[in-house]
>>> print(open('protein_17.cif').read())   # mmCIF, C-alpha atoms and all ligand atoms
data_upload
loop_
_atom_site.label_atom_id
_atom_site.label_comp_id
_atom_site.auth_asym_id
_atom_site.auth_seq_id
_atom_site.Cartn_x
_atom_site.Cartn_y
_atom_site.Cartn_z
CA MET A 1 73.94 36.01 121.88
CA VAL A 2 77.50 34.91 122.67
CA VAL A 3 78.39 31.95 120.44
CA ILE A 4 82.12 31.49 121.07
CA LYS A 5 83.59 31.68 124.56
CA VAL A 6 87.30 31.09 125.05
CA GLU A 7 88.13 31.05 128.75
CA GLU A 8 91.66 31.10 130.20
CA VAL A 9 93.00 28.98 127.36
CA SER A 10 96.72 28.19 127.18
CA LYS A 11 98.68 26.06 124.74
CA LEU A 12 102.23 24.86 125.21
CA TYR A 13 104.28 23.35 122.37
CA ASN A 14 107.39 21.78 123.88
CA GLU A 15 109.07 24.87 125.39
CA THR A 16 106.92 27.48 123.60
CA LEU A 17 103.88 28.92 125.37
CA ALA A 18 102.09 29.74 122.08
CA VAL A 19 98.84 30.93 123.74
CA LYS A 20 98.79 32.35 127.28
CA CYS A 21 95.58 32.37 129.30
CA CYS A 22 93.43 33.94 126.57
CA ASP A 23 89.81 35.02 126.98
CA ILE A 24 87.60 36.04 124.07
CA GLN A 25 83.88 36.14 123.32
CA VAL A 26 82.17 36.44 119.94
CA ALA A 27 78.43 36.97 119.42
CA SER A 28 76.34 35.77 116.47
CA GLY A 29 76.68 38.04 113.44
CA GLU A 30 79.92 39.44 114.84
CA ILE A 31 83.41 39.28 113.33
CA LEU A 32 86.43 39.17 115.62
CA ALA A 33 89.85 39.67 114.05
CA LEU A 34 92.88 38.12 115.72
CA LEU A 35 95.66 40.48 114.77
CA GLY A 36 99.34 40.17 115.60
CA PRO A 37 102.79 39.74 114.12
CA SER A 38 104.00 36.43 112.73
CA GLY A 39 104.49 33.81 115.46
CA SER A 40 102.25 35.62 117.98
CA GLY A 41 99.85 32.67 118.41
CA LYS A 42 96.95 33.65 116.12
CA THR A 43 96.78 30.38 114.18
CA THR A 44 97.21 28.33 117.34
CA LEU A 45 94.24 30.08 118.97
CA LEU A 46 92.15 29.50 115.83
CA ARG A 47 93.16 25.83 115.73
CA LEU A 48 92.22 25.45 119.40
CA ILE A 49 88.71 26.78 118.65
CA ALA A 50 88.43 24.51 115.59
CA GLY A 51 89.50 21.46 117.59
CA PHE A 52 92.70 20.76 115.64
CA GLU A 53 94.76 21.29 118.79
CA ARG A 54 94.16 20.48 122.45
CA PRO A 55 94.80 23.24 125.00
CA ASN A 56 96.85 22.60 128.15
CA GLU A 57 94.47 24.73 130.20
CA GLY A 58 91.09 26.36 129.89
CA ARG A 59 87.67 25.94 128.35
CA ILE A 60 86.02 26.66 125.02
CA ILE A 61 82.25 26.87 124.64
CA ILE A 62 80.52 26.98 121.24
CA GLY A 63 76.81 27.78 121.35
CA ASP A 64 75.57 26.15 124.52
CA ARG A 65 78.04 23.27 124.41
CA THR A 66 81.42 23.02 126.10
CA VAL A 67 83.70 21.62 123.38
CA VAL A 68 86.82 21.44 125.51
CA ASP A 69 87.40 21.77 129.22
CA VAL A 70 90.80 20.63 130.40
CA ALA A 71 89.86 20.53 134.09
CA GLY A 72 86.60 18.65 133.37
CA SER A 73 88.18 16.29 130.78
CA VAL A 74 85.69 17.38 128.10
CA TRP A 75 86.76 16.99 124.45
CA VAL A 76 84.54 17.32 121.38
CA PRO A 77 86.46 16.49 118.17
CA ALA A 78 86.73 19.03 115.33
CA GLU A 79 84.14 17.39 113.05
CA ALA A 80 81.48 17.51 115.79
CA ARG A 81 81.95 21.20 116.74
CA GLY A 82 79.79 22.79 114.06
CA VAL A 83 82.63 25.01 112.89
CA GLY A 84 83.19 26.02 109.24
CA MET A 85 86.75 26.76 108.11
CA VAL A 86 88.06 28.90 105.27
CA PHE A 87 91.77 28.39 104.67
CA GLN A 88 94.35 30.60 102.99
CA ASP A 89 94.56 28.28 99.95
CA TYR A 90 90.73 27.70 99.94
CA ALA A 91 91.33 23.90 99.77
CA LEU A 92 88.60 23.39 97.14
CA PHE A 93 88.16 19.95 95.61
CA PRO A 94 89.61 20.38 92.08
CA HIS A 95 87.60 17.52 90.53
CA LEU A 96 84.23 18.85 91.82
CA THR A 97 82.19 21.71 90.33
CA VAL A 98 81.22 24.78 92.35
CA THR A 99 77.84 23.21 93.15
CA GLN A 100 79.43 19.91 94.17
CA ASN A 101 82.01 21.68 96.33
CA ILE A 102 79.26 23.56 98.18
CA GLN A 103 77.17 20.37 98.52
CA PHE A 104 80.09 18.50 100.03
CA GLY A 105 79.18 19.09 103.67
CA LEU A 106 75.45 18.49 103.11
CA ARG A 107 75.35 14.74 102.61
CA THR A 108 73.04 14.06 105.52
CA ILE A 109 70.08 16.20 104.42
CA SER A 110 67.35 15.39 101.87
CA ASN A 111 67.90 16.07 98.17
CA LYS A 112 65.33 18.85 98.05
CA ASP A 113 66.75 20.68 101.08
CA ARG A 114 70.24 20.27 99.73
CA GLN A 115 69.33 21.82 96.38
CA ASP A 116 67.52 24.71 98.08
CA ARG A 117 70.45 25.38 100.35
CA VAL A 118 72.99 25.32 97.50
CA GLN A 119 70.82 27.69 95.44
CA GLU A 120 70.57 30.08 98.38
CA LEU A 121 74.34 30.08 98.88
CA LEU A 122 75.05 30.48 95.16
CA ARG A 123 72.75 33.49 95.20
CA VAL A 124 74.17 35.08 98.37
CA THR A 125 77.74 34.62 97.17
CA GLU A 126 76.80 35.75 93.63
CA LEU A 127 78.13 32.51 92.15
CA LEU A 128 75.00 31.42 90.20
CA PRO A 129 76.63 31.96 86.77
CA TYR A 130 79.58 29.77 87.79
CA ALA A 131 77.66 26.87 89.38
CA GLU A 132 78.89 24.23 86.92
CA ARG A 133 82.48 25.43 86.61
CA TYR A 134 85.48 23.71 88.16
CA PRO A 135 87.82 25.59 90.54
CA HIS A 136 90.55 26.05 87.89
CA GLU A 137 87.98 27.91 85.73
CA LEU A 138 87.43 30.55 88.45
CA SER A 139 89.28 33.72 89.52
CA GLY A 140 90.85 33.92 92.99
CA GLY A 141 87.93 35.98 94.32
CA GLN A 142 85.37 33.50 92.96
CA GLN A 143 87.29 30.57 94.47
CA GLN A 144 87.28 32.34 97.80
CA ARG A 145 83.52 32.79 97.66
CA VAL A 146 83.12 29.07 96.88
CA ALA A 147 85.25 28.25 99.94
CA LEU A 148 83.07 30.53 102.04
CA ALA A 149 79.83 29.08 100.62
CA ARG A 150 81.09 25.55 101.33
CA ALA A 151 82.00 26.49 104.90
CA LEU A 152 78.58 28.14 105.43
CA ALA A 153 76.50 25.40 103.77
CA PRO A 154 75.79 23.29 106.89
CA ARG A 155 74.72 26.50 108.72
CA PRO A 156 77.56 26.39 111.24
CA PRO A 157 77.15 28.85 114.11
CA VAL A 158 80.88 29.58 113.80
CA VAL A 159 83.17 30.23 110.83
CA LEU A 160 86.93 30.52 111.21
CA LEU A 161 88.97 32.26 108.50
CA ASP A 162 92.71 31.67 108.44
CA GLU A 163 94.50 34.44 106.49
CA ALA A 164 91.69 33.90 103.97
CA PHE A 165 92.49 36.95 101.83
CA ASN A 166 96.22 36.36 101.40
CA GLY A 167 95.83 34.53 98.12
CA LEU A 168 94.03 37.44 96.45
CA ASP A 169 95.58 40.25 94.45
CA PRO A 170 95.92 43.31 96.73
CA GLU A 171 93.51 45.34 94.56
CA LEU A 172 90.80 42.67 94.92
CA ARG A 173 91.05 42.41 98.70
CA PRO A 174 89.03 45.43 99.87
CA GLN A 175 86.02 44.41 97.77
CA MET A 176 86.24 40.76 98.86
CA ARG A 177 86.51 41.77 102.52
CA ARG A 178 83.33 43.81 102.20
CA GLU A 179 81.51 40.95 100.44
CA VAL A 180 82.63 38.32 102.94
CA ALA A 181 81.69 40.56 105.89
CA ARG A 182 78.26 41.17 104.33
CA ILE A 183 77.65 37.44 103.85
CA LEU A 184 78.78 36.50 107.37
CA ARG A 185 76.55 39.18 108.93
CA HIS A 186 73.63 38.22 106.70
CA MET A 187 73.95 34.60 107.88
CA ARG A 188 74.28 35.70 111.54
CA THR A 189 77.48 33.67 111.82
CA ALA A 190 80.04 34.28 114.56
CA ALA A 191 83.37 34.59 112.78
CA VAL A 192 86.99 34.65 113.87
CA LEU A 193 89.42 35.97 111.32
CA VAL A 194 93.17 35.47 111.65
CA THR A 195 95.21 38.16 109.97
CA HIS A 196 98.50 40.00 110.21
CA ASP A 197 97.02 42.78 108.04
CA GLN A 198 95.74 45.62 110.19
CA GLU A 199 93.78 47.19 107.33
CA GLU A 200 91.83 43.93 107.02
CA ALA A 201 91.27 43.71 110.79
CA LEU A 202 90.24 47.35 111.24
CA GLY A 203 88.10 47.42 108.10
CA MET A 204 86.19 44.17 108.55
CA ALA A 205 85.92 43.34 112.22
CA ASP A 206 83.52 44.40 114.95
CA GLN A 207 86.17 43.51 117.52
CA VAL A 208 89.93 43.40 117.14
CA ALA A 209 91.98 41.18 119.47
CA VAL A 210 95.64 42.21 119.34
CA ILE A 211 97.92 39.35 120.31
CA ARG A 212 101.64 39.37 121.01
CA ASN A 213 103.81 36.47 122.18
CA GLY A 214 100.66 34.43 122.86
CA GLU A 215 99.15 37.12 125.08
CA LEU A 216 96.06 39.17 124.28
CA GLN A 217 97.16 42.75 124.64
CA GLN A 218 93.80 44.39 123.98
CA VAL A 219 90.36 43.40 122.71
CA GLY A 220 88.12 46.22 121.52
CA THR A 221 86.36 47.87 118.61
CA PRO A 222 88.63 48.99 115.76
CA GLU A 223 88.18 52.60 116.92
CA ASP A 224 89.10 51.64 120.49
CA VAL A 225 92.34 49.89 119.65
CA TYR A 226 93.27 52.70 117.26
CA TYR A 227 92.44 55.73 119.39
CA ASN A 228 92.80 54.29 122.89
CA PRO A 229 95.54 51.68 122.79
CA THR A 230 96.17 50.33 126.28
CA THR A 231 99.73 49.17 125.68
CA ILE A 232 102.61 50.76 123.86
CA PHE A 233 102.82 47.66 121.66
CA VAL A 234 99.22 48.10 120.45
CA ALA A 235 99.87 51.82 119.91
CA GLY A 236 102.88 51.05 117.72
CA PHE A 237 101.41 48.05 115.95
CA ILE A 238 98.06 49.57 114.92
CA GLY A 239 98.33 52.50 112.56
CA HIS A 240 101.45 54.65 112.42
CA ALA A 241 102.65 56.32 115.58
CA ASP A 242 105.71 57.99 117.01
CA PHE A 243 106.41 58.37 120.72
CA ILE A 244 107.90 61.59 122.05
CA PRO A 245 108.90 62.50 125.61
CA GLY A 246 106.47 64.46 127.73
CA VAL A 247 105.83 65.41 131.34
CA LEU A 248 102.47 64.59 132.82
CA ALA A 249 101.05 67.13 135.28
CA GLY A 250 97.55 66.18 136.42
CA ASN A 251 95.24 66.22 133.39
CA GLU A 252 97.78 67.77 131.05
CA VAL A 253 100.86 66.53 129.33
CA HIS A 254 103.59 68.99 128.36
CA THR A 255 105.68 68.28 125.25
CA GLU A 256 107.97 70.29 123.01
CA ILE A 257 105.17 70.48 120.39
CA GLY A 258 102.41 71.55 122.74
CA ILE A 259 100.40 70.98 125.89
CA PHE A 260 97.64 68.42 125.51
CA SER A 261 94.81 67.32 127.73
CA CYS A 262 95.10 63.79 128.95
CA PRO A 263 92.92 61.61 131.19
CA ALA A 264 94.94 61.13 134.37
CA GLN A 265 95.76 57.43 134.48
CA LEU A 266 99.39 57.68 135.40
CA PRO A 267 101.21 59.52 138.21
CA SER A 268 102.61 62.90 137.25
CA GLY A 269 106.13 62.78 135.82
CA PRO A 270 107.92 61.74 132.62
CA VAL A 271 105.86 59.81 130.05
CA LYS A 272 105.91 58.77 126.39
CA VAL A 273 103.24 60.51 124.29
CA MET A 274 101.75 58.81 121.22
CA ILE A 275 101.75 61.06 118.15
CA ARG A 276 99.92 59.61 115.14
CA HIS A 277 101.22 60.73 111.76
CA GLU A 278 97.91 62.33 110.85
CA ALA A 279 97.98 64.48 114.02
CA VAL A 280 101.01 66.47 112.83
CA ASN A 281 100.49 69.54 110.61
CA ALA A 282 102.60 72.31 109.18
CA LYS A 283 101.64 75.54 110.94
CA PRO A 284 103.26 78.99 110.63
CA GLY A 285 104.73 79.94 113.99
CA GLY A 286 104.92 76.31 115.14
CA VAL A 287 107.90 74.45 116.55
CA LEU A 288 110.71 74.16 113.99
CA ALA A 289 111.37 70.56 112.99
CA THR A 290 114.06 69.44 110.56
CA VAL A 291 113.29 67.23 107.56
CA GLU A 292 115.34 64.02 107.84
CA GLU A 293 113.68 61.89 105.21
CA ARG A 294 111.03 62.20 102.53
CA GLU A 295 109.03 59.40 100.98
CA PHE A 296 106.65 59.92 98.06
CA LEU A 297 103.59 57.67 98.52
CA GLY A 298 101.42 58.78 95.62
CA GLY A 299 98.49 60.49 97.34
CA GLU A 300 100.77 62.01 99.96
CA ILE A 301 104.37 62.64 100.92
CA LEU A 302 105.55 61.21 104.23
CA TYR A 303 108.14 63.38 105.95
CA ARG A 304 110.23 62.20 108.88
CA LEU A 305 111.02 65.20 111.06
CA ARG A 306 113.47 65.68 113.91
CA LEU A 307 112.31 67.82 116.81
CA PRO A 308 114.71 70.12 118.73
CA SER A 309 115.10 67.41 121.45
CA GLY A 310 116.12 64.83 118.83
CA ALA A 311 112.77 62.96 119.07
CA ARG A 312 111.13 62.11 115.74
CA VAL A 313 107.63 62.55 114.38
CA HIS A 314 106.16 61.95 110.93
CA LEU A 315 103.96 64.30 108.93
CA GLU A 316 101.72 63.22 106.05
CA GLN A 317 101.67 66.06 103.53
CA ARG A 318 98.73 65.73 101.12
CA LYS A 319 99.61 68.88 99.17
CA PRO A 320 102.44 68.65 96.63
CA VAL A 321 104.83 70.63 98.82
CA HIS A 322 108.48 69.81 98.42
CA TRP A 323 110.70 70.25 101.47
CA PRO A 324 114.28 69.12 100.94
CA VAL A 325 116.19 67.17 103.59
CA GLY A 326 117.55 69.66 106.13
CA HIS A 327 114.68 72.12 105.60
CA GLN A 328 113.05 73.49 108.76
CA VAL A 329 109.28 73.15 108.92
CA PRO A 330 107.14 74.86 111.59
CA ILE A 331 104.71 72.24 112.95
CA GLU A 332 101.96 71.68 115.47
CA ALA A 333 100.15 68.56 116.66
CA GLN A 334 96.41 68.28 117.19
CA LEU A 335 95.50 65.79 119.88
CA PRO A 336 91.98 66.07 121.31
CA GLN A 337 93.11 63.59 124.00
CA ALA A 338 96.74 62.57 124.36
CA VAL A 339 97.53 58.88 124.83
CA VAL A 340 100.48 58.46 127.18
CA PHE A 341 102.51 55.54 128.44
CA SER A 342 104.76 55.14 131.41
CA ASP A 343 108.30 56.17 130.62
CA SER A 344 109.75 53.53 132.92
CA ASN A 345 108.76 50.28 131.20
CA GLY A 346 111.32 50.83 128.47
CA GLU A 347 109.32 48.60 126.16
CA ASN A 348 109.99 48.84 122.46
CA PRO A 349 106.67 49.65 120.76
CA THR A 350 107.36 47.36 117.81
P1 LIG I 401 100.93 33.05 114.14
O1 LIG I 401 99.73 32.37 113.58
O2 LIG I 401 100.59 34.27 114.92
O3 LIG I 401 101.99 33.32 113.11
P2 LIG I 401 101.40 30.53 115.47
O4 LIG I 401 100.18 30.29 116.26
O5 LIG I 401 101.54 29.77 114.18
O6 LIG I 401 101.61 32.09 115.24
O7 LIG I 401 102.67 30.18 116.37
C1 LIG I 401 102.84 30.63 117.70
C2 LIG I 401 104.11 30.03 118.27
O8 LIG I 401 103.95 28.61 118.43
C3 LIG I 401 105.35 30.19 117.39
O9 LIG I 401 106.45 30.40 118.23
C4 LIG I 401 105.43 28.89 116.65
O10 LIG I 401 106.78 28.60 116.31
C5 LIG I 401 104.93 27.90 117.70
N1 LIG I 401 104.25 26.74 117.08
C6 LIG I 401 103.16 26.75 116.29
N2 LIG I 401 102.79 25.52 115.92
C7 LIG I 401 103.68 24.66 116.50
C8 LIG I 401 103.84 23.23 116.51
N3 LIG I 401 102.99 22.44 115.88
N4 LIG I 401 104.89 22.74 117.22
C9 LIG I 401 105.73 23.54 117.90
N5 LIG I 401 105.63 24.89 117.93
C10 LIG I 401 104.62 25.45 117.24
#
>>> encode(input="protein_17.cif", output="structure tokens", more="lines below")
Ligand code: ADP
Amino acid sequence: MVVIKVEEVSKLYNETLAVKCCDIQVASGEILALLGPSGSGKTTLLRLIAGFERPNEGRIIIGDRTVVDVAGSVWVPAEARGVGMVFQDYALFPHLTVTQNIQFGLRTISNKDRQDRVQELLRVTELLPYAERYPHELSGGQQQRVALARALAPRPPVVLLDEAFNGLDPELRPQMRREVARILRHMRTAAVLVTHDQEEALGMADQVAVIRNGELQQVGTPEDVYYNPTTIFVAGFIGHADFIPGVLAGNEVHTEIGIFSCPAQLPSGPVKVMIRHEAVNAKPGGVLATVEEREFLGGEILYRLRLPSGARVHLEQRKPVHWPVGHQVPIEAQLPQAVVFSDSNGENPT
């Protein structure tokens, strides 16, 4: 069931069109990640759904209720939208215990129901041993779970998370993402997650909405936006990709490192071909590429290679093979389906 519908929503701040005619839909139990660079409009879109900002155009529907409709002059204030928020700094009440923080939004229900609900949330978020502690007596991960439990306590159909993992140590984040995703799905909540971290978006979300300059570039599953980016910006922003020149001829694209099959979406002629780092391998007899740069990354060595045409690709070498700068490496690329972009738009992928 679709719980959040954002329809043709735009937001103008003075001269800045922060959100341009955006459409998104999120179903119950589904997590949508809004992913984009800083200043791309992610927070504005989240604040429009929450009711902290008024759009200049469009409609937002939560559950079966229209919460804002500019043309129809409908406006439901933030506190009446049934939306839970988890902020970057968690915004816990420092003078209240974990239990009291979670109870905060439950003042209107009976004592018994309130206690049952708090117990359930303490259990789901694995906070039972910390119920009587104050926020300053908790780790970052525990504080984040309290913030989530507090947001979920009134059973909101929608939870919005604003860069909610930023405050955590990087090594804690993957585990917390998994836990938060598990809890949100368990509660059948529709969630929108704002992040500039693609690992977080790809790892946690059912749908990723890539936004740039206020415009949604692509909305799709993590696999979709990764393997089938529809714009050169998405291709460059998600994962690691290089773009080399090619010539499209029907269902094939010809490049200096091979001929690849390619669904014919563009007219034949010059194109840019996306080459992900992991698609490039060393192969005896392959095209000779020159090592320009070498970066040791622990589990792998990232080599930047120059092709005979001057175009560049990267190769992730997982074996401890040392190639000095200037060395010539024979390479091939493995692309089950090439992703190509028009050569004429001249757009910078990043
Ligand atoms: P993100 O969350 O992706 O970093 P924001 O939604 O915060 O981006 O901002 C989008 C654009 O809107 C930026 O150009 C930002 O400067 C502008 N903006 C955001 N909030 C305001 C505001 N309250 N007043 C004026 N401009 C704003």
>>> closest_atom_pairs(input="protein_17.cif", of="chain A", to="ligand LIG 401 (chain I)", cutoff="7 Å", atoms="all atoms listed in the file", output="JSON lines")
{"residue": "A:Tyr13", "atom": "CA", "partner": "I:LIG401", "partner_atom": "C9", "distance": 4.7}
{"residue": "A:Asn14", "atom": "CA", "partner": "I:LIG401", "partner_atom": "C9", "distance": 6.5}
{"residue": "A:Thr16", "atom": "CA", "partner": "I:LIG401", "partner_atom": "O8", "distance": 6.1}
{"residue": "A:Leu17", "atom": "CA", "partner": "I:LIG401", "partner_atom": "O8", "distance": 6.9}
{"residue": "A:Ala18", "atom": "CA", "partner": "I:LIG401", "partner_atom": "O8", "distance": 4.2}
{"residue": "A:Gly36", "atom": "CA", "partner": "I:LIG401", "partner_atom": "O2", "distance": 6.1}
{"residue": "A:Pro37", "atom": "CA", "partner": "I:LIG401", "partner_atom": "O2", "distance": 5.9}
{"residue": "A:Ser38", "atom": "CA", "partner": "I:LIG401", "partner_atom": "O3", "distance": 3.7}
{"residue": "A:Gly39", "atom": "CA", "partner": "I:LIG401", "partner_atom": "O6", "distance": 3.4}
{"residue": "A:Ser40", "atom": "CA", "partner": "I:LIG401", "partner_atom": "O2", "distance": 3.7}
{"residue": "A:Gly41", "atom": "CA", "partner": "I:LIG401", "partner_atom": "O4", "distance": 3.2}
{"residue": "A:Lys42", "atom": "CA", "partner": "I:LIG401", "partner_atom": "O2", "distance": 3.9}
{"residue": "A:Thr43", "atom": "CA", "partner": "I:LIG401", "partner_atom": "O1", "distance": 3.6}
{"residue": "A:Thr44", "atom": "CA", "partner": "I:LIG401", "partner_atom": "O4", "distance": 3.7}
{"residue": "A:Leu45", "atom": "CA", "partner": "I:LIG401", "partner_atom": "O4", "distance": 6.5}
{"residue": "A:Gly214", "atom": "CA", "partner": "I:LIG401", "partner_atom": "C1", "distance": 6.8}
>>> residues_around(input="protein_17.cif", residues="Ile49 of chain A", least_positions_apart="3", cutoff="10 Å", atoms="all atoms listed in the file", output="PyMOL selection string")
chain A and resi 4-6+9+43-46+52-55+59-62+67-68+78+81+83+158+160+192
>>> write_last_selection(input="protein_17.cif", atoms="C-alpha atoms", output="mmCIF file, in the frame of the given file")
data_model
loop_
_atom_site.group_PDB
_atom_site.id
_atom_site.type_symbol
_atom_site.label_atom_id
_atom_site.label_comp_id
_atom_site.auth_asym_id
_atom_site.auth_seq_id
_atom_site.Cartn_x
_atom_site.Cartn_y
_atom_site.Cartn_z
ATOM 1 C CA ILE A 4 82.120 31.490 121.070
ATOM 2 C CA LYS A 5 83.590 31.680 124.560
ATOM 3 C CA VAL A 6 87.300 31.090 125.050
ATOM 4 C CA VAL A 9 93.000 28.980 127.360
ATOM 5 C CA THR A 43 96.780 30.380 114.180
ATOM 6 C CA THR A 44 97.210 28.330 117.340
ATOM 7 C CA LEU A 45 94.240 30.080 118.970
ATOM 8 C CA LEU A 46 92.150 29.500 115.830
ATOM 9 C CA PHE A 52 92.700 20.760 115.640
ATOM 10 C CA GLU A 53 94.760 21.290 118.790
ATOM 11 C CA ARG A 54 94.160 20.480 122.450
ATOM 12 C CA PRO A 55 94.800 23.240 125.000
ATOM 13 C CA ARG A 59 87.670 25.940 128.350
ATOM 14 C CA ILE A 60 86.020 26.660 125.020
ATOM 15 C CA ILE A 61 82.250 26.870 124.640
ATOM 16 C CA ILE A 62 80.520 26.980 121.240
ATOM 17 C CA VAL A 67 83.700 21.620 123.380
ATOM 18 C CA VAL A 68 86.820 21.440 125.510
ATOM 19 C CA ALA A 78 86.730 19.030 115.330
ATOM 20 C CA ARG A 81 81.950 21.200 116.740
ATOM 21 C CA VAL A 83 82.630 25.010 112.890
ATOM 22 C CA VAL A 158 80.880 29.580 113.800
ATOM 23 C CA LEU A 160 86.930 30.520 111.210
ATOM 24 C CA VAL A 192 86.990 34.650 113.870
#
>>> residues_around(input="protein_17.cif", residues="Val247 of chain A", least_positions_apart="4", cutoff="10 Å", atoms="all atoms listed in the file", output="PyMOL selection string")
chain A and resi 252-256+259+268-273+340+343
>>> atom_distance(input="protein_17.cif", atom1="atom CA of Val118 of chain A", atom2="atom CA of Ala153 of chain A")
7.2 Å
>>> closest_residue(input="protein_17.cif", among="A:Gln198, A:Thr108, A:Gln103, A:Thr290", to="Gly310 of chain A", atoms="only C-alpha atoms")
A:Thr290
>>> build_atoms(input="protein_17.cif", residues="segment 186-192 of chain A", atoms="all heavy atoms", output="mmCIF file, in the frame of the given file")
data_model
loop_
_atom_site.group_PDB
_atom_site.id
_atom_site.type_symbol
_atom_site.label_atom_id
_atom_site.label_comp_id
_atom_site.auth_asym_id
_atom_site.auth_seq_id
_atom_site.Cartn_x
_atom_site.Cartn_y
_atom_site.Cartn_z
ATOM 1 N N HIS A 186 74.941 38.634 107.210
ATOM 2 C CA HIS A 186 73.630 38.220 106.700
ATOM 3 C C HIS A 186 73.240 36.846 107.264
ATOM 4 O O HIS A 186 72.082 36.602 107.603
ATOM 5 C CB HIS A 186 73.712 38.171 105.168
ATOM 6 C CG HIS A 186 72.504 37.630 104.490
ATOM 7 N ND1 HIS A 186 71.377 38.384 104.285
ATOM 8 C CD2 HIS A 186 72.236 36.404 103.963
ATOM 9 C CE1 HIS A 186 70.462 37.651 103.677
ATOM 10 N NE2 HIS A 186 70.969 36.445 103.463
ATOM 11 N N MET A 187 74.209 35.960 107.384
ATOM 12 C CA MET A 187 73.950 34.600 107.880
ATOM 13 C C MET A 187 73.953 34.526 109.413
ATOM 14 O O MET A 187 73.793 33.456 109.972
ATOM 15 C CB MET A 187 75.018 33.635 107.342
ATOM 16 C CG MET A 187 75.055 33.519 105.847
ATOM 17 S SD MET A 187 73.875 32.293 105.317
ATOM 18 C CE MET A 187 73.941 32.445 103.558
ATOM 19 N N ARG A 188 74.230 35.639 110.068
ATOM 20 C CA ARG A 188 74.280 35.700 111.540
ATOM 21 C C ARG A 188 75.330 34.752 112.117
ATOM 22 O O ARG A 188 75.156 34.165 113.206
ATOM 23 C CB ARG A 188 72.912 35.415 112.186
ATOM 24 C CG ARG A 188 71.787 36.308 111.745
ATOM 25 C CD ARG A 188 71.900 37.743 112.220
ATOM 26 N NE ARG A 188 72.024 37.885 113.655
ATOM 27 C CZ ARG A 188 72.709 38.870 114.251
ATOM 28 N NH1 ARG A 188 73.349 39.767 113.541
ATOM 29 N NH2 ARG A 188 72.756 38.944 115.562
ATOM 30 N N THR A 189 76.421 34.569 111.379
ATOM 31 C CA THR A 189 77.480 33.670 111.820
ATOM 32 C C THR A 189 78.436 34.415 112.747
ATOM 33 O O THR A 189 78.704 35.592 112.529
ATOM 34 C CB THR A 189 78.282 33.199 110.574
ATOM 35 O OG1 THR A 189 77.350 32.819 109.572
ATOM 36 C CG2 THR A 189 79.203 32.049 110.891
ATOM 37 N N ALA A 190 78.951 33.709 113.751
ATOM 38 C CA ALA A 190 80.040 34.280 114.560
ATOM 39 C C ALA A 190 81.334 33.903 113.862
ATOM 40 O O ALA A 190 81.547 32.725 113.574
ATOM 41 C CB ALA A 190 80.005 33.705 115.973
ATOM 42 N N ALA A 191 82.167 34.888 113.563
ATOM 43 C CA ALA A 191 83.370 34.590 112.780
ATOM 44 C C ALA A 191 84.628 35.071 113.492
ATOM 45 O O ALA A 191 84.632 36.122 114.128
ATOM 46 C CB ALA A 191 83.271 35.258 111.409
ATOM 47 N N VAL A 192 85.670 34.248 113.389
ATOM 48 C CA VAL A 192 86.990 34.650 113.870
ATOM 49 C C VAL A 192 87.919 34.647 112.669
ATOM 50 O O VAL A 192 87.993 33.657 111.938
ATOM 51 C CB VAL A 192 87.533 33.712 114.972
ATOM 52 C CG1 VAL A 192 88.925 34.172 115.421
ATOM 53 C CG2 VAL A 192 86.582 33.662 116.158
#
